[in-house]
Structure formats: structure tokens, C-alpha cells
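J.: This is the content of data-v9.cif (mmCIF, C-alpha atoms):
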```cif
data_work
loop_
_atom_site.label_atom_id
_atom_site.label_comp_id
_atom_site.auth_asym_id
_atom_site.auth_seq_id
_atom_site.Cartn_x
_atom_site.Cartn_y
_atom_site.Cartn_z
CA MET A 1 0.00 0.00 0.00
CA GLU A 2 1.32 3.44 -0.86
CA THR A 3 2.10 5.64 2.11
CA TYR A 4 3.47 9.11 2.73
CA TYR A 5 6.22 7.65 4.90
CA ASP A 6 8.82 5.34 3.37
CA PRO A 7 11.77 4.27 5.60
CA ALA A 8 14.08 4.58 2.59
CA ASP A 9 13.31 8.31 2.43
CA LEU A 10 15.25 8.89 5.64
CA ALA A 11 18.51 8.30 3.76
CA ALA A 12 17.50 11.10 1.37
CA PHE A 13 17.29 13.70 4.14
CA GLY A 14 20.41 15.40 2.77
CA ASP A 15 18.57 16.11 -0.50
CA ILE A 16 16.75 18.88 1.33
CA GLY A 17 19.89 20.95 0.69
CA LYS A 18 19.57 20.78 -3.10
CA ASP A 19 17.77 24.07 -3.58
CA ALA A 20 19.02 25.91 -0.53
CA PRO A 21 22.48 24.48 0.17
CA HIS A 22 23.67 27.36 2.36
CA LEU A 23 20.69 26.96 4.68
CA ALA A 24 21.01 23.18 4.76
CA ALA A 25 24.72 23.45 5.52
CA LYS A 26 23.99 25.71 8.48
CA PHE A 27 21.30 23.36 9.73
CA PHE A 28 23.33 20.17 9.39
CA ASP A 29 26.43 21.77 10.95
CA TYR A 30 24.29 22.91 13.86
CA TYR A 31 22.60 19.49 14.07
CA GLY A 32 25.97 17.74 14.25
CA ALA A 33 27.21 20.13 16.93
CA VAL A 34 24.07 19.64 19.01
CA PHE A 35 24.50 15.87 19.13
CA ALA A 36 28.25 15.89 19.79
CA GLU A 37 29.55 14.95 23.23
CA GLY A 38 29.29 17.94 25.55
CA ALA A 39 28.02 18.51 29.07
CA LEU A 40 25.60 15.73 28.14
CA SER A 41 26.89 12.50 26.62
CA GLU A 42 25.92 11.39 23.13
CA ARG A 43 23.93 8.58 24.74
CA GLU A 44 21.94 11.00 26.91
CA LYS A 45 21.27 13.27 23.93
CA ALA A 46 20.03 10.33 21.86
CA LEU A 47 17.59 9.42 24.66
CA ILE A 48 16.30 13.01 24.74
CA ALA A 49 15.95 12.94 20.95
CA LEU A 50 14.03 9.67 21.17
CA ALA A 51 11.63 11.20 23.70
CA VAL A 52 11.14 14.33 21.58
CA ALA A 53 10.69 12.20 18.45
CA HIS A 54 7.69 10.60 20.12
CA ALA A 55 6.38 13.97 21.24
CA VAL A 56 6.49 15.33 17.68
CA GLN A 57 5.47 11.88 16.38
CA CYS A 58 8.04 11.85 13.59
CA PRO A 59 8.45 8.30 12.20
CA TYR A 60 11.81 9.16 10.64
CA CYS A 61 13.11 10.43 13.98
CA ILE A 62 11.72 7.44 15.88
CA ASP A 63 13.47 5.10 13.43
CA ALA A 64 16.76 7.02 13.56
CA TYR A 65 16.87 7.53 17.33
CA THR A 66 15.75 4.03 18.26
CA THR A 67 18.79 2.79 16.35
CA ALA A 68 20.98 5.58 17.75
CA CYS A 69 19.96 4.80 21.34
CA LEU A 70 20.80 1.11 20.90
CA GLU A 71 24.12 1.97 19.25
CA LYS A 72 24.99 4.37 22.08
CA GLY A 73 24.45 1.55 24.58
CA SER A 74 20.96 2.25 25.88
CA ASN A 75 18.58 -0.61 26.51
CA LEU A 76 14.84 -0.97 26.08
CA GLU A 77 14.19 -0.35 29.76
CA GLU A 78 15.88 3.06 29.55
CA MET A 79 14.28 3.88 26.21
CA THR A 80 10.84 2.97 27.52
CA GLU A 81 11.36 5.18 30.58
CA ALA A 82 12.32 8.04 28.24
CA LEU A 83 9.07 7.46 26.39
CA HIS A 84 7.13 7.69 29.64
CA VAL A 85 8.77 11.06 30.25
CA THR A 86 7.31 12.15 26.90
CA ASN A 87 3.97 10.74 27.89
CA ALA A 88 4.00 12.37 31.32
CA ILE A 89 4.79 15.79 29.87
CA ARG A 90 2.25 15.43 27.06
CA GLY A 91 -0.42 14.17 29.47
CA GLY A 92 0.56 16.70 32.10
CA ALA A 93 0.36 19.51 29.57
CA SER A 94 -3.25 18.55 28.85
CA LEU A 95 -4.12 18.06 32.45
CA VAL A 96 -2.52 21.26 33.71
CA HIS A 97 -4.79 23.21 31.33
CA GLY A 98 -7.56 21.99 33.56
CA VAL A 99 -6.55 24.91 35.74
CA GLN A 100 -7.80 27.20 32.97
CA MET A 101 -10.97 25.12 32.69
CA ARG A 102 -11.55 25.40 36.40
CA LYS A 103 -10.86 29.14 36.50
CA ILE A 104 -13.24 29.81 33.58
CA ALA A 105 -15.90 27.49 34.95
CA GLU A 106 -15.63 29.08 38.38
CA LYS A 107 -15.95 32.56 36.85
CA LEU A 108 -19.04 31.51 34.91
CA SER A 109 -20.65 29.57 37.67
CA LEU A 110 -22.65 30.68 40.63
CA MET B 111 26.11 -7.45 -1.45
CA ASN B 112 28.68 -9.81 -2.97
CA PRO B 113 32.16 -10.59 -1.62
CA SER B 114 33.81 -8.14 -4.00
CA ARG B 115 32.11 -5.16 -2.32
CA PHE B 116 34.75 -5.10 0.39
CA SER B 117 37.53 -5.40 -2.23
CA ASP B 118 35.90 -2.58 -4.18
CA THR B 119 35.80 -0.42 -1.08
CA LEU B 120 39.48 -1.06 -0.40
CA ARG B 121 40.33 -0.23 -4.00
CA ARG B 122 38.31 3.00 -3.86
CA HIS B 123 40.36 4.07 -0.87
CA GLY B 124 43.62 2.96 -2.49
CA LEU B 125 44.13 0.28 0.18
CA GLU B 126 45.19 -3.35 0.26
CA LEU B 127 44.61 -5.83 3.06
CA THR B 128 47.79 -7.81 3.58
CA ARG B 129 49.45 -9.50 6.47
CA GLY B 130 51.89 -7.76 8.78
CA ALA B 131 54.08 -9.43 11.39
CA THR B 132 52.35 -12.38 13.07
CA SER B 133 52.13 -12.02 16.83
CA THR B 134 49.03 -13.96 17.90
CA LEU B 135 47.97 -17.57 17.60
CA GLN B 136 44.24 -18.13 17.93
CA ILE B 137 42.99 -21.65 18.49
CA ASN B 138 39.41 -22.56 17.77
CA ILE B 139 38.89 -25.81 19.61
CA GLY B 140 35.55 -26.69 17.98
CA ARG B 141 31.86 -25.99 17.70
CA THR B 142 30.54 -27.69 20.83
CA CYS B 143 28.95 -25.19 23.17
CA ASP B 144 26.41 -25.35 25.98
CA LEU B 145 24.73 -22.24 24.55
CA ALA B 146 23.39 -21.47 21.08
CA CYS B 147 23.79 -17.69 20.99
CA ARG B 148 21.75 -15.97 18.33
CA HIS B 149 24.69 -13.90 17.08
CA CYS B 150 27.17 -16.80 16.82
CA HIS B 151 29.06 -16.63 13.52
CA LEU B 152 30.13 -20.27 13.92
CA GLU B 153 26.70 -21.67 14.76
CA ALA B 154 28.18 -23.38 17.79
CA GLY B 155 25.80 -25.20 20.07
CA PRO B 156 25.00 -28.30 22.13
CA ASP B 157 24.29 -30.35 19.00
CA ARG B 158 27.66 -29.70 17.38
CA VAL B 159 30.31 -32.37 17.85
CA GLU B 160 33.35 -30.98 16.03
CA ALA B 161 36.22 -30.85 18.53
CA MET B 162 40.00 -30.62 18.36
CA GLY B 163 41.55 -34.06 18.67
CA HIS B 164 44.64 -35.14 20.56
CA GLU B 165 46.99 -35.00 17.55
CA THR B 166 45.90 -31.50 16.60
CA VAL B 167 46.23 -30.30 20.19
CA GLU B 168 49.81 -31.56 20.21
CA ALA B 169 50.47 -30.03 16.78
CA VAL B 170 49.23 -26.66 18.06
CA ILE B 171 51.49 -26.86 21.13
CA ALA B 172 54.41 -27.84 18.90
CA CYS B 173 53.69 -24.87 16.64
CA ALA B 174 53.64 -22.53 19.63
CA GLY B 175 57.03 -23.94 20.57
CA ARG B 176 58.48 -23.49 17.06
CA PHE B 177 57.53 -19.83 16.86
CA SER B 178 57.25 -16.97 19.30
CA PHE B 179 53.74 -15.63 19.84
CA ALA B 180 53.13 -12.55 21.98
CA ALA B 181 49.66 -13.89 22.69
CA ILE B 182 47.79 -17.16 22.30
CA ASP B 183 44.02 -17.02 22.37
CA ILE B 184 41.86 -20.13 22.88
CA THR B 185 38.29 -19.83 21.63
CA GLY B 186 35.44 -22.01 20.36
CA GLY B 187 32.58 -23.08 20.76
CA ALA B 188 33.01 -23.32 24.48
CA PRO B 189 36.69 -24.15 25.15
CA GLU B 190 35.67 -25.24 28.66
CA LEU B 191 33.89 -28.30 27.22
CA LEU B 192 36.96 -29.65 25.42
CA PRO B 193 38.37 -32.46 27.59
CA ARG B 194 41.86 -31.63 26.33
CA LEU B 195 41.71 -27.98 27.40
CA PRO B 196 43.81 -28.52 30.57
CA ARG B 197 46.54 -30.02 28.37
CA LEU B 198 46.36 -27.03 26.01
CA VAL B 199 46.48 -24.56 28.90
CA SER B 200 49.42 -26.18 30.67
CA GLY B 201 51.24 -26.82 27.39
CA LEU B 202 50.83 -23.31 26.04
CA ALA B 203 51.15 -21.20 29.20
CA VAL B 204 54.91 -21.68 29.29
CA LEU B 205 55.29 -20.77 25.61
CA THR B 206 53.76 -17.29 25.55
CA PRO B 207 53.71 -14.20 27.76
CA LYS B 208 49.93 -13.98 27.38
CA LEU B 209 47.57 -16.95 27.20
CA ILE B 210 43.88 -16.08 26.87
CA VAL B 211 40.95 -18.45 27.30
CA ARG B 212 37.56 -17.26 26.08
CA THR B 213 34.57 -18.24 28.15
CA ASN B 214 30.84 -17.80 27.91
CA LEU B 215 30.83 -17.95 31.76
CA ALA B 216 27.91 -20.42 31.80
CA ALA B 217 30.11 -23.29 30.57
CA LEU B 218 32.52 -22.70 33.46
CA THR B 219 29.76 -23.78 35.85
CA ARG B 220 29.34 -27.17 34.16
CA PRO B 221 30.88 -30.35 35.56
CA GLU B 222 33.07 -30.75 32.45
CA SER B 223 34.91 -27.58 33.45
CA GLY B 224 36.01 -29.06 36.76
CA ALA B 225 38.61 -26.88 38.44
CA LEU B 226 39.34 -24.97 35.26
CA PRO B 227 39.16 -21.51 36.89
CA GLU B 228 41.76 -22.60 39.42
CA LEU B 229 43.94 -24.15 36.69
CA CYS B 230 43.77 -20.89 34.73
CA ARG B 231 44.62 -18.89 37.85
CA ASP B 232 47.61 -21.10 38.59
CA HIS B 233 48.95 -20.57 35.04
CA GLY B 234 48.21 -16.82 35.03
CA VAL B 235 45.79 -17.25 32.12
CA ALA B 236 43.75 -14.19 31.12
CA LEU B 237 40.02 -14.85 30.80
CA THR B 238 37.87 -13.09 28.22
CA ALA B 239 34.18 -13.51 28.95
CA SER B 240 31.15 -12.77 26.80
CA LEU B 241 28.62 -10.43 28.36
CA PRO B 242 26.65 -8.45 25.79
CA ALA B 243 24.89 -6.12 28.20
CA ALA B 244 24.80 -5.05 31.82
CA ASN B 245 21.20 -6.23 32.11
CA ALA B 246 19.38 -9.55 32.01
CA ALA B 247 16.93 -8.80 29.19
CA GLN B 248 19.46 -8.02 26.46
CA THR B 249 21.92 -10.66 27.66
CA GLU B 250 19.32 -13.42 27.58
CA ALA B 251 17.82 -12.24 24.28
CA GLN B 252 21.19 -13.01 22.73
CA ARG B 253 22.42 -15.93 24.83
CA GLY B 254 19.34 -17.71 26.14
CA GLY B 255 17.23 -17.90 29.28
CA GLY B 256 18.95 -18.24 32.64
CA VAL B 257 22.34 -17.11 31.34
CA TRP B 258 22.32 -13.78 33.17
CA GLU B 259 22.17 -15.14 36.73
CA THR B 260 24.70 -17.85 35.90
CA SER B 261 27.09 -15.32 34.35
CA ILE B 262 26.89 -12.95 37.30
CA ALA B 263 27.45 -15.82 39.75
CA MET B 264 30.49 -16.99 37.77
CA ILE B 265 32.02 -13.50 37.62
CA ARG B 266 31.57 -13.34 41.39
CA ARG B 267 33.37 -16.67 41.76
CA LEU B 268 36.18 -15.52 39.45
CA ASN B 269 36.51 -12.30 41.45
CA GLY B 270 36.90 -14.54 44.50
CA LEU B 271 39.90 -16.17 42.81
CA GLY B 272 41.38 -12.76 42.11
CA TYR B 273 40.20 -12.42 38.49
CA GLY B 274 39.21 -8.87 37.59
CA VAL B 275 40.44 -7.59 40.92
CA ALA B 276 42.86 -4.66 40.85
CA GLY B 277 46.42 -5.61 41.74
CA SER B 278 45.93 -9.38 41.40
CA GLY B 279 47.50 -9.60 37.94
CA LEU B 280 44.66 -11.92 36.91
CA GLU B 281 42.89 -10.37 33.96
CA LEU B 282 39.16 -10.75 33.42
CA ASP B 283 37.97 -8.88 30.35
CA LEU B 284 34.46 -8.72 28.99
CA VAL B 285 33.30 -8.70 25.38
CA SER B 286 30.03 -7.08 24.44
CA ASN B 287 28.45 -7.72 21.05
CA PRO B 288 25.30 -5.81 20.10
CA THR B 289 22.07 -7.62 20.82
CA GLY B 290 20.67 -7.11 17.34
CA ALA B 291 21.17 -5.58 13.91
CA PHE B 292 22.92 -2.43 15.03
CA LEU B 293 26.48 -1.26 15.61
CA PRO B 294 28.24 -1.56 18.97
CA ALA B 295 28.20 1.24 21.50
CA PRO B 296 31.40 3.27 21.96
CA GLN B 297 33.86 1.18 23.93
CA GLY B 298 35.12 3.70 26.49
CA GLU B 299 31.75 4.96 27.63
CA THR B 300 30.26 1.46 27.64
CA GLU B 301 33.12 0.12 29.72
CA GLN B 302 32.50 2.86 32.31
CA ARG B 303 28.79 2.07 32.44
CA PHE B 304 29.43 -1.67 32.82
CA HIS B 305 31.87 -0.97 35.67
CA LEU B 306 29.34 1.26 37.44
CA GLU B 307 26.32 -1.00 36.91
CA LEU B 308 28.01 -4.30 37.75
CA GLU B 309 29.72 -2.85 40.82
CA ARG B 310 26.61 -1.01 42.07
CA ARG B 311 24.06 -3.76 41.48
CA TYR B 312 26.10 -6.92 41.89
CA ALA B 313 29.38 -5.92 43.56
CA ILE B 314 31.42 -7.61 40.83
CA SER B 315 34.40 -6.31 38.89
CA PHE B 316 36.36 -6.83 35.71
CA ASN B 317 39.34 -5.22 33.95
CA HIS B 318 38.43 -4.10 30.43
CA LEU B 319 35.43 -4.29 28.17
CA TYR B 320 35.63 -4.61 24.40
CA THR B 321 32.73 -3.83 22.10
CA PHE B 322 32.64 -5.54 18.71
CA ALA B 323 30.19 -5.56 15.82
CA ASN B 324 28.46 -8.82 14.96
CA ALA B 325 29.81 -10.45 11.81
CA PRO B 326 27.10 -11.22 9.25
CA LEU B 327 27.91 -14.92 9.21
CA GLY B 328 26.47 -18.17 10.52
CA ARG B 329 23.50 -18.04 12.86
CA PHE B 330 23.50 -14.26 12.99
CA ARG B 331 23.32 -13.98 9.20
CA ALA B 332 20.46 -16.48 9.13
CA TRP B 333 18.60 -14.33 11.68
CA LEU B 334 19.34 -11.19 9.66
CA GLU B 335 17.84 -12.86 6.60
CA ARG B 336 14.77 -14.22 8.43
CA SER B 337 14.06 -10.93 10.16
CA GLY B 338 14.42 -8.82 7.00
CA ASN B 339 17.42 -6.96 8.48
CA LEU B 340 20.21 -8.29 6.23
CA ASP B 341 20.37 -5.59 3.54
CA ALA B 342 20.01 -2.71 6.00
CA TYR B 343 22.63 -4.20 8.33
CA LEU B 344 25.15 -4.80 5.53
CA SER B 345 24.57 -1.25 4.30
CA ARG B 346 25.05 0.06 7.83
CA LEU B 347 28.37 -1.79 8.12
CA GLU B 348 29.51 -0.68 4.69
CA GLY B 349 28.44 2.90 5.30
CA SER B 350 30.49 2.94 8.51
CA PHE B 351 33.69 1.82 6.78
CA ASN B 352 36.65 3.48 8.49
CA PRO B 353 39.92 3.15 6.53
CA CYS B 354 41.89 4.02 9.68
CA THR B 355 40.97 0.62 11.15
CA LEU B 356 42.92 -1.28 8.51
CA PRO B 357 46.45 -1.21 9.98
CA GLY B 358 45.24 -2.66 13.28
CA LEU B 359 42.92 -5.39 12.02
CA MET B 360 43.49 -8.69 13.80
CA CYS B 361 43.72 -10.64 10.53
CA ARG B 362 47.02 -8.87 9.81
CA SER B 363 48.78 -10.22 12.87
CA LEU B 364 46.94 -13.41 13.82
CA ILE B 365 46.72 -16.95 12.60
CA SER B 366 43.60 -18.83 13.47
CA VAL B 367 43.71 -22.62 13.75
CA ASN B 368 40.46 -24.50 13.28
CA TRP B 369 39.56 -27.57 15.35
CA ASP B 370 40.76 -29.74 12.42
CA GLY B 371 44.15 -28.02 12.33
CA PHE B 372 43.74 -25.93 9.18
CA ILE B 373 44.69 -22.29 9.36
CA TYR B 374 42.95 -19.02 8.51
CA ASP B 375 43.73 -15.33 8.88
CA CYS B 376 40.98 -14.80 11.46
CA ASP B 377 38.03 -16.51 13.12
CA PHE B 378 35.55 -14.85 10.73
CA ASN B 379 37.39 -16.10 7.66
CA LEU B 380 37.43 -19.48 9.39
CA ALA B 381 33.63 -19.32 9.68
CA ALA B 382 33.37 -18.20 6.05
CA GLY B 383 35.71 -20.98 4.87
CA LEU B 384 38.32 -18.54 3.49
CA HIS B 385 41.65 -20.27 4.07
CA HIS B 386 44.89 -18.41 4.75
CA GLY B 387 46.77 -18.09 1.47
CA GLU B 388 43.65 -19.45 -0.23
CA GLN B 389 44.89 -23.00 0.29
CA ARG B 390 44.45 -25.69 2.93
CA ILE B 391 47.49 -25.52 5.20
CA HIS B 392 47.63 -27.67 8.32
CA ILE B 393 49.21 -26.30 11.49
CA ALA B 394 51.55 -29.31 11.57
CA GLN B 395 52.91 -28.27 8.16
CA LEU B 396 53.49 -24.64 9.09
CA SER B 397 57.25 -24.32 8.79
CA GLU B 398 57.34 -20.52 8.86
CA LEU B 399 54.96 -17.77 9.83
CA PRO B 400 53.04 -16.04 7.05
CA ALA B 401 55.19 -13.54 5.18
CA ALA B 402 54.37 -9.88 5.59
CA GLY B 403 52.56 -8.65 2.51
CA THR B 404 50.65 -11.89 1.92
CA PRO B 405 47.15 -10.97 0.68
CA ILE B 406 44.26 -11.74 3.04
CA PRO B 407 41.09 -13.18 1.47
CA VAL B 408 38.06 -10.98 2.16
CA GLY B 409 34.27 -11.13 2.09
CA ASP B 410 31.37 -8.88 3.01
CA HIS B 411 31.78 -9.94 6.66
CA CYS B 412 35.02 -7.91 6.70
CA PHE B 413 32.93 -4.74 6.95
CA ALA B 414 32.11 -5.79 10.54
CA CYS B 415 35.76 -5.25 11.49
CA THR B 416 36.15 -1.91 9.69
CA ALA B 417 32.96 -0.24 10.90
CA GLY B 418 33.46 2.74 13.17
CA SER B 419 36.25 2.13 15.64
CA GLY B 420 36.80 -1.32 14.18
CA PHE B 421 37.54 -4.80 15.47
CA THR B 422 41.22 -5.18 16.15
#
```
Can you dump the structure from the file as C-alpha cells?
T.:
Amino acid sequence: METYYDPADLAAFGDIGKDAPHLAAKFFDYYGAVFAEGALSEREKALIALAVAHAVQCPYCIDAYTTACLEKGSNLEEMTEALHVTNAIRGGASLVHGVQMRKIAEKLSL
Amino acid sequence: MNPSRFSDTLRRHGLELTRGATSTLQINIGRTCDLACRHCHLEAGPDRVEAMGHETVEAVIACAGRFSFAAIDITGGAPELLPRLPRLVSGLAVLTPKLIVRTNLAALTRPESGALPELCRDHGVALTASLPAANAAQTEAQRGGGVWETSIAMIRRLNGLGYGVAGSGLELDLVSNPTGAFLPAPQGETEQRFHLELERRYAISFNHLYTFANAPLGRFRAWLERSGNLDAYLSRLEGSFNPCTLPGLMCRSLISVNWDGFIYDCDFNLAAGLHHGEQRIHIAQLSELPAAGTPIPVGDHCFACTAGSGFT
């Protein structure tokens, strides 16, 4: 079945630079610098990226950072915990807006 | 991918893979193993019966006496299950400054192993143990159910003998292969994490940890094919080709003797059936070490040793 997402397309990410190479170069240089070892290790950064990939629900990123996490030495237990962090923040972000609901409802209600 | 892909890659980089000075003798004692690990390039397991016989054992010891090897490395299968292993250990220990016995840890707990840990200790043998991960789930996914607890208990026993304990001079190194179709984690960081985890959770210690890519051979290749991972994995290995790994590749400095006595440039070429010098040479007939510059036969599995930091 035809689909918008094809795993093989991930390898063509670099093609995005074809019509704006100077912008792509800046982005990919920045991208590389972000994921380099720093105050956080490459393994920790890959776990953050995996969590964010699920938050933005990007199949390319989930594919890439699942592999990256395994290759940086993370295991499924750690990766699943990272995913629950995503879930907690996403769920919490919905739930905390209940404060607005309550304030509005209280204002409108007797 | 066909075998010439690795040759093509070397050619593109203007490189040749040839032998350097030979410093290590690796002895593969056979295919018998108590485990049937899913990444095993030799498809070793409990049903395999190939084992090094008495004459070959003696020919190997004689070879080690004829030449000078900086290291001799006994592997398998599970070397612990070879009844002639004590003879190999005592015969070889006096002929090299570094004798290594590989262990899957679980086999050391079996009755066939007897007092092997003590024998190794008494001869100052270094032990290299397989432990793919510092957790039960990944370890047992690769090596089978129950292996984690057994491995931890055996490391604890080895620590009790002095192995892996600072200042004892008894080396216990770990080898971690990825638990699937992905590249190994960086060695330095992974070693630190293993030290921390194993010390904190289990109060056990070791010296060094080595991370190596899985070679797309044997049981692992069959799994790659069945699971639809083969093409992507081979591309991943090929795409990670690092020409800087070439000078230090083990096949340049090692000769690998199969259980039947025939020699190869490394254990992966042994699994692939690629003989040293592209001819069947028996260890008993080896009158001189391979000449520097002798070409090394290659296949697509060679990309496993040249990916990233490499397999040296």
C-alpha cells in the first residue's frame, strides 16, 4: 500500500539541501554540533531525541533515534522510561490546562 | 552485497589488506557449546560435535614452541567443554607471555569444566568472557534464558579467585556484542557504564570491556535474513567503513587454527571458509609464519571489522 512515509526516504534527508544548500549546511552543521559529546553525553542526547521524536510523532526520527539509542548503549528499559517522560509531559500539559478550565468554569458559575 | 564489495571499497580508498608481522595464535577448539547464541558466527551449540583431537592439540602446542607468539588465544565453541583444554592450557602457558581463554561464563559452571578456573589462575591465564549487556533482558535475548544469573554468579566466583580484581595480575575482560542488527556502542563509555552498573548492582568487577560488531555470518546472518534486516545491516556496516581501522585489524597479525588443524587469517574467515593463502594448510605443516605482505582473502563480513572504531 502506498504511504506518505517510506523508511528509505530517511537516507534522502540530505537532499533537502539541493535548492538551498547554504541553509542546509547551516542546519546540518548545527545538528551535528548539538549531538556531539558535551556537558551531556551522546547517549543521553540520543535518549532526549528519542523522547522528543515521540512527542512530535516523527516516524523518521523514531526510526533514527531508536537505532541511535541502541548503538549508544541504551537498553529498552531506559528507552521505555524516556518514552514515559514524553507521555508524562504530554499528558501533564493537557491536564494542567484543567486549571484554565476550572478558572473559567468558576468565573461563569454561581 | 557480494564478496567483491569489500575489495571494491578497499580499491576505492587505495588500500590493500595484507598480512603484517604475526604475533598472535588463535585456536578454535571446535563448535561444541552449551549455549546457542543468536549472534554466533560459527553456529556453535550443544548439537555440534566438532572438537579438536589429541593430535591436533599436540600439533598446536608444537607450533607454539616453534615460533614466538606474543599472545595465544583459545576460543570455540566453548573451550571449557573440550576435555583436552587442561593439556592445552598447561602446554601453552609456558610458551607465551599472554595466554587467553575465552569463556561464555555459563560453561565454566558445568561439571566438564572441573577446576578450570583454578587451573587458569595457577597458570596466570587471562580470561575473556562474553557479556553483551549489563542487564538480564538483552543478555538473555542473545544468549538464552537463565544465562544472566549464571554469568553474574560466575564472575563473582572468578573475582573470589582474584580475576578482575585490581592488583591481582589476573585479567578478566568482557566482550560485548550488540544484541541485534545495530552497531556496537562506543567502547570507552560502555566500559565505564558496565563498571558502574556491575559494581553497584552486583558488587562484581572486571578489567576491560571490548565492544565488537556482529559479523554477518552463521546463525547471525540467518537471523538477519529471516528478520528482514540483512540488507540494512550490511549497508550500515559498509556505510560505517573506516579506513583508519585497517592497519590494526586482527587478521594482519593473527593466525587462526580451526579444530581440524587448518589455518585461517581470522576466526571470521574461518567461519566463512576462506583459508589463509587461499589454500588448505595444516598447522603441523606450518614451517614458517606467514610472510608480511601476503594478501588476506576478504568477504562482506570484513565490513564488521572496519565499521566505526573497528575490530582489532
J.: Mind checking which residues fall within 12 Å of Ala88 of chain A, counting all atoms listed in the file, ignoring those fewer than 6 positions away in the same chain, and posting them as a PyMOL selection string?
T.: chain A and resi 51+54-55+81-82+94-96
J.: Starting from the shown file, work through the PyMOL selection byres ((chain B and resi 191) around 12) and note down what comes out as a VMD selection string.
T.: chain B and resid 139 to 145 155 to 156 158 to 162 185 to 190 192 to 196 212 to 224 226
J.: Could those selected residues go to a file with C-alpha atoms, as a PDB file, keeping the file's coordinate frame?
T.:
```pdb
ATOM      1  CA  ILE B 139      38.890 -25.810  19.610  1.00  0.00           C
ATOM      2  CA  GLY B 140      35.550 -26.690  17.980  1.00  0.00           C
ATOM      3  CA  ARG B 141      31.860 -25.990  17.700  1.00  0.00           C
ATOM      4  CA  THR B 142      30.540 -27.690  20.830  1.00  0.00           C
ATOM      5  CA  CYS B 143      28.950 -25.190  23.170  1.00  0.00           C
ATOM      6  CA  ASP B 144      26.410 -25.350  25.980  1.00  0.00           C
ATOM      7  CA  LEU B 145      24.730 -22.240  24.550  1.00  0.00           C
ATOM      8  CA  GLY B 155      25.800 -25.200  20.070  1.00  0.00           C
ATOM      9  CA  PRO B 156      25.000 -28.300  22.130  1.00  0.00           C
ATOM     10  CA  ARG B 158      27.660 -29.700  17.380  1.00  0.00           C
ATOM     11  CA  VAL B 159      30.310 -32.370  17.850  1.00  0.00           C
ATOM     12  CA  GLU B 160      33.350 -30.980  16.030  1.00  0.00           C
ATOM     13  CA  ALA B 161      36.220 -30.850  18.530  1.00  0.00           C
ATOM     14  CA  MET B 162      40.000 -30.620  18.360  1.00  0.00           C
ATOM     15  CA  THR B 185      38.290 -19.830  21.630  1.00  0.00           C
ATOM     16  CA  GLY B 186      35.440 -22.010  20.360  1.00  0.00           C
ATOM     17  CA  GLY B 187      32.580 -23.080  20.760  1.00  0.00           C
ATOM     18  CA  ALA B 188      33.010 -23.320  24.480  1.00  0.00           C
ATOM     19  CA  PRO B 189      36.690 -24.150  25.150  1.00  0.00           C
ATOM     20  CA  GLU B 190      35.670 -25.240  28.660  1.00  0.00           C
ATOM     21  CA  LEU B 192      36.960 -29.650  25.420  1.00  0.00           C
ATOM     22  CA  PRO B 193      38.370 -32.460  27.590  1.00  0.00           C
ATOM     23  CA  ARG B 194      41.860 -31.630  26.330  1.00  0.00           C
ATOM     24  CA  LEU B 195      41.710 -27.980  27.400  1.00  0.00           C
ATOM     25  CA  PRO B 196      43.810 -28.520  30.570  1.00  0.00           C
ATOM     26  CA  ARG B 212      37.560 -17.260  26.080  1.00  0.00           C
ATOM     27  CA  THR B 213      34.570 -18.240  28.150  1.00  0.00           C
ATOM     28  CA  ASN B 214      30.840 -17.800  27.910  1.00  0.00           C
ATOM     29  CA  LEU B 215      30.830 -17.950  31.760  1.00  0.00           C
ATOM     30  CA  ALA B 216      27.910 -20.420  31.800  1.00  0.00           C
ATOM     31  CA  ALA B 217      30.110 -23.290  30.570  1.00  0.00           C
ATOM     32  CA  LEU B 218      32.520 -22.700  33.460  1.00  0.00           C
ATOM     33  CA  THR B 219      29.760 -23.780  35.850  1.00  0.00           C
ATOM     34  CA  ARG B 220      29.340 -27.170  34.160  1.00  0.00           C
ATOM     35  CA  PRO B 221      30.880 -30.350  35.560  1.00  0.00           C
ATOM     36  CA  GLU B 222      33.070 -30.750  32.450  1.00  0.00           C
ATOM     37  CA  SER B 223      34.910 -27.580  33.450  1.00  0.00           C
ATOM     38  CA  GLY B 224      36.010 -29.060  36.760  1.00  0.00           C
ATOM     39  CA  LEU B 226      39.340 -24.970  35.260  1.00  0.00           C
TER      40      LEU B 226
END
```
J.: Pick the closest to Ala172 of chain B from B:Thr300, B:Asn138, B:Thr416, B:Ser397: which is it, counting only C-alpha atoms?
T.: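 That would be B:Ser397, the residue with the smallest distance to Ala172 of chain B.
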J.: Written as a list of chain:residue names, which residues does the PyMOL selection byres ((chain A) within 8 of (chain B)) give for the file shown?
T.: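 For this structure, the PyMOL selection byres ((chain A) within 8 of (chain B)) captures A:Thr67, A:Leu70, A:Glu71, A:Lys72, A:Gly73, A:Asn75.
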J.: Take the residues that were just selected and, keeping C-alpha atoms, output them as a short mmCIF file (atom, residue, chain, number, x, y, z; two decimals), in the frame of the given file.
T.:
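File produced: again-v9.cif:
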```
data_model
loop_
_atom_site.label_atom_id
_atom_site.label_comp_id
_atom_site.auth_asym_id
_atom_site.auth_seq_id
_atom_site.Cartn_x
_atom_site.Cartn_y
_atom_site.Cartn_z
CA THR A 67 18.79 2.79 16.35
CA LEU A 70 20.80 1.11 20.90
CA GLU A 71 24.12 1.97 19.25
CA LYS A 72 24.99 4.37 22.08
CA GLY A 73 24.45 1.55 24.58
CA ASN A 75 18.58 -0.61 26.51
#
```
J.: Could you tell me how far atom CA of Arg267 of chain B sits from atom CA of Ser200 of chain B, in Å to one decimal place?
T.: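 These two atoms are separated by 21.7 Å.
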J.: Write out as a ChimeraX atom specification the residues lying within 12 Å of segment 379-391 of chain B, counting all atoms listed in the file and excluding same-chain residues fewer than 3 positions away.
T.: /B:113,128-129,136-138,140-141,150-154,186-187,325-331,360-362,364-376,394-412,414-415
